[in-house]
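Text of target_25.txt (compact mmCIF, C-alpha atoms and all ligand atoms) as supplied:
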# COMPACT_ATOMS: atom_id res chain seq x y z
CA MET A 14 7.31 -40.28 56.70
CA THR A 15 10.20 -39.53 59.03
CA LYS A 16 13.04 -37.81 57.20
CA ARG A 17 16.58 -39.01 57.76
CA ALA A 18 19.53 -36.61 57.85
CA LEU A 19 23.22 -37.42 57.88
CA ILE A 20 25.45 -34.74 59.41
CA THR A 21 29.20 -34.85 58.94
CA GLY A 22 31.00 -32.76 61.56
CA ILE A 23 28.20 -33.43 64.05
CA THR A 24 30.63 -33.04 66.96
CA GLY A 25 31.43 -29.44 65.92
CA GLN A 26 29.63 -26.22 66.80
CA ASP A 27 27.21 -26.17 63.86
CA GLY A 28 26.68 -29.93 63.97
CA ALA A 29 25.30 -29.63 67.50
CA TYR A 30 22.88 -26.79 66.75
CA LEU A 31 21.77 -28.37 63.47
CA SER A 32 21.14 -31.72 65.18
CA ARG A 33 18.94 -30.04 67.75
CA LEU A 34 16.97 -28.22 65.06
CA LEU A 35 16.45 -31.37 62.97
CA LEU A 36 15.44 -33.45 66.01
CA GLU A 37 12.91 -30.77 66.94
CA ARG A 38 11.52 -31.06 63.41
CA GLY A 39 11.07 -34.80 63.72
CA TYR A 40 14.11 -36.00 61.75
CA GLU A 41 16.05 -39.16 62.41
CA VAL A 42 19.57 -37.78 62.81
CA TRP A 43 22.72 -39.71 61.97
CA GLY A 44 26.06 -38.28 62.93
CA ALA A 45 29.05 -39.22 60.80
CA VAL A 46 32.05 -39.17 63.12
CA ARG A 47 35.67 -39.99 62.57
CA ARG A 48 37.31 -42.73 64.57
CA THR A 49 39.06 -41.43 67.65
CA ALA A 50 40.07 -43.00 70.95
CA SER A 51 37.00 -41.45 72.57
CA ILE A 52 34.20 -39.51 70.90
CA ASN A 53 34.35 -35.81 71.59
CA ASN A 54 30.61 -35.12 71.94
CA TRP A 55 30.55 -32.46 74.68
CA ARG A 56 28.52 -30.04 72.53
CA LEU A 57 25.74 -32.58 72.00
CA VAL A 58 25.83 -33.29 75.73
CA ASP A 59 25.64 -29.55 76.43
CA LEU A 60 22.45 -29.30 74.33
CA GLY A 61 21.06 -32.45 75.99
CA ILE A 62 20.75 -34.41 72.73
CA ALA A 63 23.73 -36.81 72.76
CA GLY A 64 21.43 -39.78 73.29
CA ASP A 65 19.05 -38.78 70.51
CA VAL A 66 21.39 -39.10 67.53
CA GLN A 67 22.86 -42.23 66.02
CA PHE A 68 26.55 -42.31 65.21
CA ILE A 69 28.29 -43.94 62.28
CA GLU A 70 32.04 -44.13 61.69
CA PHE A 71 33.12 -41.92 58.86
CA ASP A 72 36.25 -40.41 57.40
CA LEU A 73 36.27 -37.84 54.65
CA LEU A 74 39.61 -39.14 53.39
CA GLU A 75 38.43 -42.69 52.54
CA PHE A 76 36.07 -43.12 49.58
CA SER A 77 35.08 -46.72 50.31
CA ASN A 78 33.99 -45.64 53.78
CA VAL A 79 32.04 -42.60 52.56
CA GLN A 80 30.26 -44.74 50.01
CA LYS A 81 29.33 -47.35 52.63
CA VAL A 82 27.99 -44.68 54.98
CA ILE A 83 25.72 -43.28 52.26
CA GLU A 84 24.64 -46.80 51.28
CA LYS A 85 23.87 -47.77 54.87
CA THR A 86 22.04 -44.60 55.91
CA ARG A 87 20.36 -43.68 52.57
CA PRO A 88 19.70 -40.17 53.91
CA ASP A 89 17.12 -37.75 52.54
CA GLU A 90 19.54 -34.94 53.34
CA VAL A 91 23.29 -34.76 53.90
CA TYR A 92 24.82 -31.74 55.63
CA ASN A 93 28.57 -31.70 55.07
CA LEU A 94 29.86 -29.67 58.00
CA ALA A 95 33.06 -31.66 58.57
CA ALA A 96 36.25 -29.73 57.93
CA GLN A 97 39.62 -28.70 59.22
CA SER A 98 37.92 -25.40 60.00
CA PHE A 99 40.65 -23.25 61.54
CA VAL A 100 42.17 -20.80 59.02
CA SER A 101 45.36 -20.36 61.02
CA ALA A 102 46.00 -24.12 61.18
CA SER A 103 45.57 -24.40 57.41
CA PHE A 104 48.86 -22.55 56.91
CA GLU A 105 50.54 -25.36 58.90
CA LEU A 106 48.45 -28.15 57.32
CA PRO A 107 47.84 -26.98 53.73
CA ILE A 108 47.81 -30.43 52.12
CA TYR A 109 45.68 -32.12 54.76
CA THR A 110 43.26 -29.17 54.68
CA GLY A 111 43.03 -29.49 50.89
CA HIS A 112 42.20 -33.19 51.13
CA VAL A 113 39.53 -32.82 53.82
CA ASP A 114 37.93 -29.45 52.99
CA GLY A 115 38.29 -29.66 49.21
CA MET A 116 38.54 -33.19 47.83
CA GLY A 117 36.46 -34.60 50.70
CA VAL A 118 33.42 -32.84 49.23
CA THR A 119 33.84 -34.72 45.97
CA LEU A 120 33.98 -38.01 47.84
CA ILE A 121 30.53 -37.39 49.31
CA LEU A 122 29.03 -36.01 46.10
CA GLU A 123 30.36 -38.95 44.09
CA ALA A 124 28.99 -41.41 46.64
CA ILE A 125 25.58 -39.69 46.47
CA ARG A 126 25.64 -39.71 42.67
CA GLN A 127 26.48 -43.42 42.54
CA VAL A 128 24.40 -44.73 45.41
CA SER A 129 21.59 -42.33 46.30
CA PRO A 130 21.04 -39.58 43.69
CA GLY A 131 17.78 -38.43 45.30
CA THR A 132 19.65 -37.33 48.44
CA ARG A 133 19.84 -33.56 48.94
CA PHE A 134 23.26 -32.14 49.79
CA TYR A 135 24.35 -29.08 51.78
CA GLN A 136 27.96 -27.88 51.62
CA ALA A 137 29.38 -25.67 54.38
CA SER A 138 31.07 -23.02 52.26
CA SER A 139 32.70 -19.97 53.77
CA SER A 140 32.94 -16.19 53.49
CA GLU A 141 36.71 -16.81 53.63
CA MET A 142 36.40 -17.61 49.90
CA PHE A 143 35.94 -13.85 49.28
CA GLY A 144 39.20 -13.24 51.15
CA LYS A 145 40.73 -10.06 49.75
CA ALA A 146 37.25 -8.72 49.19
CA GLN A 147 36.52 -7.34 45.75
CA ALA A 148 33.39 -5.52 47.02
CA VAL A 149 31.90 -4.51 50.38
CA PRO A 150 29.53 -6.03 51.38
CA GLN A 151 30.02 -9.36 49.62
CA ARG A 152 27.14 -10.91 47.66
CA GLU A 153 26.70 -14.25 45.87
CA SER A 154 27.89 -12.49 42.68
CA THR A 155 31.08 -11.05 44.23
CA SER A 156 34.24 -12.65 42.83
CA PHE A 157 36.41 -14.78 45.05
CA HIS A 158 40.00 -14.17 46.15
CA PRO A 159 40.87 -16.74 48.84
CA ARG A 160 43.69 -15.82 51.24
CA SER A 161 44.51 -19.10 53.00
CA PRO A 162 44.83 -22.81 52.18
CA TYR A 163 41.53 -23.21 54.05
CA ALA A 164 39.78 -20.73 51.79
CA VAL A 165 41.29 -22.23 48.64
CA ALA A 166 40.09 -25.69 49.67
CA LYS A 167 36.61 -24.36 50.52
CA LEU A 168 36.45 -22.73 47.09
CA TYR A 169 37.07 -26.10 45.47
CA GLY A 170 34.31 -27.57 47.68
CA HIS A 171 31.96 -24.78 46.63
CA TRP A 172 32.54 -25.21 42.90
CA ILE A 173 32.33 -29.01 42.95
CA THR A 174 28.97 -28.61 44.72
CA VAL A 175 27.80 -26.29 41.94
CA ASN A 176 29.26 -28.64 39.34
CA TYR A 177 27.42 -31.76 40.55
CA ARG A 178 24.20 -29.72 40.46
CA GLU A 179 24.83 -28.55 36.89
CA SER A 180 26.34 -31.80 35.55
CA TYR A 181 24.11 -34.42 37.13
CA GLY A 182 21.05 -32.52 38.33
CA LEU A 183 21.73 -33.37 41.98
CA HIS A 184 19.97 -31.19 44.56
CA THR A 185 23.02 -29.45 46.03
CA CYS A 186 23.28 -26.23 48.04
CA SER A 187 26.31 -24.19 48.93
CA GLY A 188 25.79 -22.04 52.00
CA ILE A 189 28.36 -19.22 51.99
CA LEU A 190 28.31 -18.46 55.67
CA PHE A 191 29.97 -15.53 57.38
CA ASN A 192 31.52 -16.07 60.82
CA HIS A 193 29.04 -17.46 63.31
CA GLU A 194 29.78 -18.00 66.93
CA SER A 195 28.19 -19.29 70.13
CA PRO A 196 29.09 -20.62 73.57
CA LEU A 197 29.85 -23.87 71.68
CA ARG A 198 32.48 -22.29 69.40
CA GLY A 199 35.93 -23.92 69.42
CA SER A 200 38.29 -22.11 71.81
CA ASP A 201 40.94 -21.44 69.10
CA PHE A 202 38.62 -19.04 67.28
CA VAL A 203 39.06 -15.43 68.24
CA THR A 204 35.62 -14.84 69.81
CA ARG A 205 35.73 -17.80 72.18
CA LYS A 206 39.42 -17.24 72.90
CA ILE A 207 38.44 -13.75 74.06
CA THR A 208 35.40 -14.70 76.15
CA LEU A 209 37.16 -17.63 77.84
CA GLY A 210 40.40 -15.66 78.27
CA LEU A 211 38.69 -12.65 79.85
CA ALA A 212 36.53 -14.85 82.08
CA ARG A 213 39.73 -16.53 83.34
CA ILE A 214 41.32 -13.14 83.98
CA LYS A 215 38.25 -11.98 85.89
CA ARG A 216 38.43 -15.05 88.13
CA GLY A 217 42.16 -14.63 88.69
CA GLU A 218 42.96 -17.87 86.80
CA ALA A 219 45.04 -16.00 84.20
CA SER A 220 46.73 -12.63 84.15
CA GLU A 221 47.01 -11.77 80.47
CA LEU A 222 45.55 -12.56 77.05
CA ARG A 223 47.85 -12.52 74.01
CA MET A 224 46.18 -11.55 70.77
CA GLY A 225 47.01 -11.22 67.05
CA ASN A 226 45.56 -8.62 64.68
CA LEU A 227 43.09 -6.47 66.62
CA ASP A 228 42.10 -4.49 63.54
CA ALA A 229 40.60 -7.40 61.55
CA LYS A 230 36.89 -6.84 60.99
CA ARG A 231 34.30 -9.58 60.87
CA ASP A 232 30.57 -10.03 60.38
CA TRP A 233 29.75 -12.12 63.47
CA GLY A 234 26.37 -13.83 63.89
CA PHE A 235 24.93 -16.55 66.14
CA ALA A 236 25.38 -20.17 64.99
CA GLY A 237 21.87 -21.11 66.16
CA ASP A 238 20.42 -18.65 63.64
CA TYR A 239 22.64 -19.91 60.82
CA VAL A 240 21.63 -23.59 61.04
CA GLU A 241 18.03 -22.47 60.43
CA GLY A 242 19.26 -20.94 57.16
CA MET A 243 21.05 -24.17 56.19
CA TRP A 244 17.86 -26.16 56.66
CA ARG A 245 15.78 -23.66 54.68
CA MET A 246 18.20 -23.86 51.73
CA VAL A 247 17.82 -27.63 51.57
CA GLN A 248 13.99 -27.41 51.63
CA GLN A 249 13.85 -25.31 48.42
CA PRO A 250 12.61 -27.06 45.27
CA GLU A 251 15.98 -26.41 43.56
CA GLY A 252 19.47 -26.38 45.02
CA ASP A 253 21.23 -22.99 44.95
CA ASP A 254 23.92 -20.87 46.63
CA TYR A 255 23.12 -18.42 49.41
CA ILE A 256 24.99 -16.07 51.69
CA LEU A 257 24.09 -15.98 55.39
CA ALA A 258 25.42 -12.92 57.20
CA THR A 259 24.31 -10.12 59.53
CA GLY A 260 25.58 -7.23 57.38
CA GLU A 261 27.15 -5.71 60.50
CA VAL A 262 30.87 -5.38 61.00
CA HIS A 263 32.99 -5.14 64.16
CA SER A 264 36.73 -5.28 64.78
CA VAL A 265 38.43 -7.80 67.04
CA GLN A 266 39.18 -4.93 69.44
CA GLN A 267 35.47 -4.01 69.55
CA PHE A 268 34.65 -7.63 70.35
CA ILE A 269 37.12 -7.50 73.25
CA ASP A 270 35.58 -4.24 74.50
CA ARG A 271 32.09 -5.74 74.49
CA ALA A 272 33.19 -8.93 76.24
CA ALA A 273 35.07 -6.95 78.91
CA GLU A 274 31.97 -4.83 79.45
CA ALA A 275 29.77 -7.93 79.78
CA LEU A 276 32.13 -9.28 82.45
CA GLY A 277 32.48 -5.95 84.26
CA ILE A 278 36.21 -5.63 83.50
CA PRO A 279 37.21 -1.92 83.26
CA LEU A 280 39.42 -2.18 80.15
CA VAL A 281 41.19 0.75 78.53
CA TRP A 282 43.71 0.78 75.67
CA GLU A 283 47.15 2.39 75.44
CA GLY A 284 49.77 2.53 72.68
CA GLU A 285 49.61 1.73 68.98
CA GLY A 286 50.33 -1.17 66.60
CA CYS A 287 52.21 -4.10 68.14
CA ASP A 288 52.81 -2.03 71.30
CA LYS A 289 49.11 -1.62 71.99
CA ILE A 290 48.06 -2.98 75.38
CA GLY A 291 44.76 -3.32 77.19
CA ILE A 292 44.96 -2.41 80.85
CA ASP A 293 42.68 -2.57 83.87
CA ARG A 294 41.69 1.04 84.54
CA LYS A 295 41.41 0.39 88.26
CA THR A 296 44.55 -1.65 88.99
CA GLY A 297 46.75 -0.58 86.05
CA ASN A 298 47.48 -4.27 85.35
CA ARG A 299 48.18 -5.29 81.76
CA LEU A 300 45.40 -7.61 80.57
CA ILE A 301 45.87 -7.73 76.79
CA SER A 302 49.03 -7.63 74.70
CA ILE A 303 49.89 -8.23 71.07
CA ASP A 304 51.83 -11.32 70.00
CA PRO A 305 53.13 -10.84 66.43
CA SER A 306 53.46 -14.63 66.01
CA LEU A 307 49.64 -14.77 65.98
CA PHE A 308 49.45 -12.68 62.81
CA ARG A 309 48.71 -14.69 59.67
CA PRO A 310 50.87 -14.89 56.52
CA ALA A 311 47.91 -13.40 54.60
CA GLU A 312 44.98 -11.75 56.36
CA VAL A 313 41.34 -11.13 55.51
CA ASP A 314 41.09 -7.52 56.67
CA ILE A 315 37.33 -7.11 56.44
CA SER A 316 34.53 -9.55 55.89
CA VAL A 317 30.90 -8.42 55.71
CA GLY A 318 28.05 -10.05 53.85
CA ASP A 319 24.78 -9.10 52.20
CA ALA A 320 22.19 -11.80 52.94
CA SER A 321 19.33 -10.22 50.99
CA LYS A 322 18.96 -13.25 48.68
CA ALA A 323 18.47 -15.55 51.69
CA GLN A 324 16.12 -13.01 53.21
CA SER A 325 13.90 -12.71 50.13
CA GLN A 326 14.00 -16.34 48.94
CA LEU A 327 14.24 -18.23 52.23
CA GLY A 328 12.64 -15.71 54.58
CA TRP A 329 15.80 -16.05 56.69
CA GLN A 330 16.91 -13.39 59.12
CA ARG A 331 19.30 -13.48 62.04
CA GLN A 332 17.59 -13.19 65.40
CA MET A 333 20.41 -12.55 67.86
CA SER A 334 22.20 -9.19 67.96
CA PHE A 335 25.96 -8.78 68.24
CA ALA A 336 25.67 -7.41 71.80
CA GLN A 337 23.51 -10.37 72.91
CA LEU A 338 25.89 -12.84 71.30
CA VAL A 339 28.99 -11.48 73.04
CA GLU A 340 27.20 -11.27 76.36
CA GLU A 341 25.91 -14.82 76.12
CA MET A 342 29.35 -16.20 75.24
CA ALA A 343 31.14 -14.26 77.99
CA THR A 344 28.67 -15.08 80.75
CA ARG A 345 28.52 -18.76 79.75
CA ASP A 346 32.30 -19.03 79.98
CA GLU A 347 32.33 -17.32 83.35
CA GLN A 348 29.62 -19.71 84.55
CA ARG A 349 31.50 -22.77 83.26
CA LEU A 350 34.64 -21.74 85.14
CA GLN A 351 32.60 -21.13 88.23
CA ASP A 352 30.79 -24.48 88.30
CA GLY A 353 33.64 -26.56 86.81
CA SER A 354 31.62 -27.54 83.72
CA LEU A 355 34.14 -26.33 81.12
CA ARG A 356 34.62 -29.12 78.55
CA TYR A 357 35.93 -26.82 75.78
P1 LIG B 1 34.04 -27.11 63.96
O1 LIG B 1 35.51 -26.96 63.84
O2 LIG B 1 33.40 -26.82 65.28
O3 LIG B 1 33.67 -28.63 63.57
C1 LIG B 1 34.32 -29.31 62.54
C2 LIG B 1 33.84 -30.75 62.51
O4 LIG B 1 34.49 -31.44 61.43
C3 LIG B 1 34.12 -31.55 63.78
O5 LIG B 1 32.97 -32.33 64.07
C4 LIG B 1 35.27 -32.44 63.37
O6 LIG B 1 35.31 -33.66 64.08
C5 LIG B 1 34.93 -32.72 61.90
N1 LIG B 1 36.06 -33.19 61.10
C6 LIG B 1 37.24 -32.58 60.90
N2 LIG B 1 38.01 -33.32 60.09
C7 LIG B 1 37.30 -34.45 59.77
C8 LIG B 1 37.58 -35.61 58.96
N3 LIG B 1 38.75 -35.78 58.35
N4 LIG B 1 36.61 -36.55 58.85
C9 LIG B 1 35.43 -36.40 59.49
N5 LIG B 1 35.13 -35.34 60.28
C10 LIG B 1 36.06 -34.37 60.41
O7 LIG B 1 33.38 -26.24 62.80
P2 LIG B 1 32.00 -25.40 62.80
O8 LIG B 1 30.92 -26.23 63.37
O9 LIG B 1 32.26 -24.04 63.31
O10 LIG B 1 31.75 -25.22 61.24
C11 LIG B 1 31.03 -26.19 60.48
C12 LIG B 1 31.42 -26.08 59.02
O11 LIG B 1 31.12 -24.76 58.53
C13 LIG B 1 32.91 -26.29 58.75
O12 LIG B 1 33.02 -26.93 57.51
C14 LIG B 1 33.45 -24.87 58.65
O13 LIG B 1 34.62 -24.81 57.85
C15 LIG B 1 32.27 -24.16 57.98
N6 LIG B 1 32.15 -22.75 58.25
C16 LIG B 1 32.11 -22.32 59.55
C17 LIG B 1 31.98 -20.98 59.82
C18 LIG B 1 31.90 -20.49 61.24
O14 LIG B 1 31.98 -19.28 61.44
N7 LIG B 1 31.70 -21.35 62.22
C19 LIG B 1 31.88 -19.97 58.74
C20 LIG B 1 31.84 -20.56 57.41
C21 LIG B 1 32.00 -21.89 57.19
P3 LIG B 1 36.17 -33.87 65.43
O15 LIG B 1 35.22 -33.55 66.57
O16 LIG B 1 36.53 -35.30 65.37
O17 LIG B 1 37.33 -32.94 65.39
P1 LIG B 2 38.37 -16.68 60.71
O1 LIG B 2 37.70 -15.42 60.29
O2 LIG B 2 37.69 -17.90 60.18
O3 LIG B 2 39.83 -16.71 60.47
O4 LIG B 2 38.09 -16.79 62.30
P2 LIG B 2 39.02 -16.54 63.58
O5 LIG B 2 38.10 -16.40 64.71
O6 LIG B 2 40.08 -17.58 63.68
O7 LIG B 2 39.74 -15.15 63.29
C1 LIG B 2 39.02 -13.96 63.07
C2 LIG B 2 40.00 -12.80 62.95
O8 LIG B 2 40.59 -12.54 64.22
C3 LIG B 2 41.17 -13.03 61.99
O9 LIG B 2 41.33 -11.88 61.20
C4 LIG B 2 42.38 -13.20 62.91
O10 LIG B 2 43.61 -12.76 62.35
C5 LIG B 2 41.97 -12.28 64.06
N1 LIG B 2 42.68 -12.59 65.32
C6 LIG B 2 43.35 -11.69 66.08
N2 LIG B 2 43.90 -12.30 67.14
C7 LIG B 2 43.56 -13.61 67.05
C8 LIG B 2 43.84 -14.74 67.89
O11 LIG B 2 44.51 -14.66 68.91
N3 LIG B 2 43.29 -15.94 67.50
C9 LIG B 2 42.51 -16.05 66.36
N4 LIG B 2 41.99 -17.23 66.04
N5 LIG B 2 42.27 -14.99 65.55
C10 LIG B 2 42.79 -13.79 65.90
Would you write out, as structure tokens, the structure that this file holds?
Ligand code: NDP
Ligand code: GDP
Amino acid sequence: MTKRALITGITGQDGAYLSRLLLERGYEVWGAVRRTASINNWRLVDLGIAGDVQFIEFDLLEFSNVQKVIEKTRPDEVYNLAAQSFVSASFELPIYTGHVDGMGVTLILEAIRQVSPGTRFYQASSSEMFGKAQAVPQRESTSFHPRSPYAVAKLYGHWITVNYRESYGLHTCSGILFNHESPLRGSDFVTRKITLGLARIKRGEASELRMGNLDAKRDWGFAGDYVEGMWRMVQQPEGDDYILATGEVHSVQQFIDRAAEALGIPLVWEGEGCDKIGIDRKTGNRLISIDPSLFRPAEVDISVGDASKAQSQLGWQRQMSFAQLVEEMATRDEQRLQDGSLRY
């Protein structure tokens, strides 16, 4: 029998890659999308699957709507990827972020419990929950210390997912995913901001890129690899919590260096701290500068995960290397600027 999946956040980066994977595996895919003047489905268009999914209006802030969506679609699997997902914005929108990223999870779980208790549930939890990391690398057993309203809300979402599993026996999974990127990443996130910004500089469409904390270190993987892990979690006989990560760490500055290299920009650094600048070795032009307003009220200095549980229990492993990922993102952005296909 054809399986039916409901994906919230289908218009986001992970929603697009997960839709493609589920369609390839023969699923009927429903995308739960919030009402907007015009649907923002450029990522699904980019992957050539916009016509293959069915959309249903959905808002994580309205229980009657969530309940109706579950009732109408009766999915075998729900992937809750919808969120206000930008850490920086959560400092400006702490209450909204709490409602959507935290309480919103309970709305779906409660609807599943009442209407369709056989439905399996995946929650998009985040490495940001580890925040001020109590151990390096972070494992499923590492204690949490969230450092932003986003991370605090995600922690609530994580524990309510565990709680509905323990209290009601629902099949629920919490995927604690470390940063994962792709050419479909939102352009506010640091990786895509860098690849798009440097591609613009290379083409003479911009002169300078203003950055925040260059010393932050992240464990960056490819989103296409991570949606495979999500699916594998949901296929297990019992719901559980798993980390997906590469185990490799790079600083923001290293990401910039790699992207510049991929684009053939001869970048060198001068100065220290907030006075550090990246300059073009050939022309002497300033390409990168530091903007202190882009620093966060509380920072996650280093984030690196140990995915050995997912590796041993799910057989999951990332496929794309850091170097490949940066190169693919940078060259795709350059290409988009060249052929006018940039949709963000
Ligand atoms: P994106 O920001 O690309 O996508 C977020 C999605 O959520 C969009 O489809 C957006 O819809 C939707 N959304 C936001 N608010 C609402 C709402 N109130 N009701 C319904 N839908 C809403 O995120 P990613 O694809 O990168 O991430 C997917 C999930 O994984 C998120 O929950 C994120 O927090 C989490 N995560 C991501 C990581 C990463 O590195 N990418 C790491 C760890 C966790 P719209 O198009 O209308 O804006
Ligand atoms: P996050 O790990 O979910 O917060 O993902 P981001 O891509 O938004 O940020 C990753 C890291 O890059 C954080 O430590 C940021 O402080 C740092 N960073 C440095 N400069 C920037 C910038 O200009 N934009 C963003 N988004 N992050 C930046």
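Reported to one decimal place, the separation of atom CA of A:Phe308 from atom CA of A:Leu209 is 20.0 Å.
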Could you pull out the residues sitting within 8 Å of ligand LIG 1 (chain B), using only C-alpha atoms and all ligand atoms, and write them as an mmCIF file with C-alpha atoms, in the coordinates of the input?
data_model
loop_
_atom_site.group_PDB
_atom_site.id
_atom_site.type_symbol
_atom_site.label_atom_id
_atom_site.label_comp_id
_atom_site.auth_asym_id
_atom_site.auth_seq_id
_atom_site.Cartn_x
_atom_site.Cartn_y
_atom_site.Cartn_z
ATOM 1 C CA THR A 21 29.200 -34.850 58.940
ATOM 2 C CA GLY A 22 31.000 -32.760 61.560
ATOM 3 C CA ILE A 23 28.200 -33.430 64.050
ATOM 4 C CA THR A 24 30.630 -33.040 66.960
ATOM 5 C CA GLY A 25 31.430 -29.440 65.920
ATOM 6 C CA GLN A 26 29.630 -26.220 66.800
ATOM 7 C CA ASP A 27 27.210 -26.170 63.860
ATOM 8 C CA GLY A 28 26.680 -29.930 63.970
ATOM 9 C CA ALA A 29 25.300 -29.630 67.500
ATOM 10 C CA ALA A 45 29.050 -39.220 60.800
ATOM 11 C CA VAL A 46 32.050 -39.170 63.120
ATOM 12 C CA ARG A 47 35.670 -39.990 62.570
ATOM 13 C CA ARG A 48 37.310 -42.730 64.570
ATOM 14 C CA THR A 49 39.060 -41.430 67.650
ATOM 15 C CA ILE A 52 34.200 -39.510 70.900
ATOM 16 C CA ASN A 53 34.350 -35.810 71.590
ATOM 17 C CA ASN A 54 30.610 -35.120 71.940
ATOM 18 C CA PHE A 71 33.120 -41.920 58.860
ATOM 19 C CA ASP A 72 36.250 -40.410 57.400
ATOM 20 C CA LEU A 73 36.270 -37.840 54.650
ATOM 21 C CA LEU A 74 39.610 -39.140 53.390
ATOM 22 C CA ASN A 93 28.570 -31.700 55.070
ATOM 23 C CA LEU A 94 29.860 -29.670 58.000
ATOM 24 C CA ALA A 95 33.060 -31.660 58.570
ATOM 25 C CA ALA A 96 36.250 -29.730 57.930
ATOM 26 C CA GLN A 97 39.620 -28.700 59.220
ATOM 27 C CA SER A 98 37.920 -25.400 60.000
ATOM 28 C CA PHE A 99 40.650 -23.250 61.540
ATOM 29 C CA VAL A 113 39.530 -32.820 53.820
ATOM 30 C CA ASP A 114 37.930 -29.450 52.990
ATOM 31 C CA GLN A 136 27.960 -27.880 51.620
ATOM 32 C CA ALA A 137 29.380 -25.670 54.380
ATOM 33 C CA SER A 138 31.070 -23.020 52.260
ATOM 34 C CA SER A 139 32.700 -19.970 53.770
ATOM 35 C CA SER A 140 32.940 -16.190 53.490
ATOM 36 C CA GLU A 141 36.710 -16.810 53.630
ATOM 37 C CA LYS A 167 36.610 -24.360 50.520
ATOM 38 C CA ILE A 189 28.360 -19.220 51.990
ATOM 39 C CA LEU A 190 28.310 -18.460 55.670
ATOM 40 C CA PHE A 191 29.970 -15.530 57.380
ATOM 41 C CA ASN A 192 31.520 -16.070 60.820
ATOM 42 C CA HIS A 193 29.040 -17.460 63.310
ATOM 43 C CA GLU A 194 29.780 -18.000 66.930
ATOM 44 C CA LEU A 197 29.850 -23.870 71.680
ATOM 45 C CA ARG A 198 32.480 -22.290 69.400
ATOM 46 C CA GLY A 199 35.930 -23.920 69.420
ATOM 47 C CA TRP A 233 29.750 -12.120 63.470
ATOM 48 C CA ALA A 236 25.380 -20.170 64.990
#
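Atom CA of A:Arg216 is positioned 21.2 Å from atom N3 of ligand LIG 2 (chain B).
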Worksheet entry | Environment of ligand LIG 2 (chain B) within 10 Å, counting all atoms listed in the file, reported as a PyMOL selection string | chain A and resi 98-102+139-141+144+161+163-164+191-194+198-207+222-233+264-266+268+303-316
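The space between atom CA of A:Gly115 and atom CA of A:Trp329 spans 27.3 Å.
Each of A:Leu120, A:Ala343, A:Leu338, A:Leu350 was checked against A:Gly237 using all atoms listed in the file; the smallest atom-to-atom distance is that of A:Leu338.
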Fill in: Pick from A:Thr208, A:Ile125, A:Ser154, A:Asp238, whichever lies nearest to A:Leu183 using all atoms listed in the file
A:Ile125
Per residue of stretch 309-353 of chain A within 7 Å of stretch 241-260 of chain A, which atom pair is closest and at what distance in Å (one decimal), using only C-alpha atoms, listed by chain and increasing number, as CSV?
residue,atom,partner,partner_atom,distance
A:Val317,CA,A:Gly260,CA,5.7
A:Gly318,CA,A:Ala258,CA,5.1
A:Asp319,CA,A:Gly260,CA,5.6
A:Ala320,CA,A:Leu257,CA,5.2
A:Lys322,CA,A:Tyr255,CA,6.7
A:Ala323,CA,A:Tyr255,CA,5.9
A:Leu327,CA,A:Arg245,CA,6.2
A:Trp329,CA,A:Gly242,CA,6.0
A:Arg331,CA,A:Thr259,CA,6.5
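Summary of the local environment: counting all atoms listed in the file, residues at most 10 Å from A:Val82, other than itself and those fewer than 6 positions away along its chain, are A:Leu19, A:Ala45, A:Ile69, A:Glu70, A:Phe71, A:Asp72, A:Phe76, A:Pro88, A:Ile121, A:Ala124.
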With C-alpha atoms retained, could you export that selection as an mmCIF file, in the coordinates of the input?
data_model
loop_
_atom_site.group_PDB
_atom_site.id
_atom_site.type_symbol
_atom_site.label_atom_id
_atom_site.label_comp_id
_atom_site.auth_asym_id
_atom_site.auth_seq_id
_atom_site.Cartn_x
_atom_site.Cartn_y
_atom_site.Cartn_z
ATOM 1 C CA LEU A 19 23.220 -37.420 57.880
ATOM 2 C CA ALA A 45 29.050 -39.220 60.800
ATOM 3 C CA ILE A 69 28.290 -43.940 62.280
ATOM 4 C CA GLU A 70 32.040 -44.130 61.690
ATOM 5 C CA PHE A 71 33.120 -41.920 58.860
ATOM 6 C CA ASP A 72 36.250 -40.410 57.400
ATOM 7 C CA PHE A 76 36.070 -43.120 49.580
ATOM 8 C CA PRO A 88 19.700 -40.170 53.910
ATOM 9 C CA ILE A 121 30.530 -37.390 49.310
ATOM 10 C CA ALA A 124 28.990 -41.410 46.640
#
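When all atoms listed in the file are used to measure the gap to A:Pro159, the shortest distance among A:Phe143, A:Gln267, A:Glu221, A:Ile173 belongs to A:Phe143.
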Discussion item. Show me, as an NGL selection string, the residues that have an atom within 9 Å of A:Leu122 when counting all atoms listed in the file, minus same-chain residues fewer than 4 positions from it.
Written reply: :A and (117-118 or 126-127 or 134 or 173-174 or 177 or 183 or 185)
Discussion item. Measuring between only C-alpha atoms, which one of A:Glu41, A:Glu75, A:Asp89, A:Glu341 shows the shortest distance to A:Tyr135?
Written reply: A:Asp89
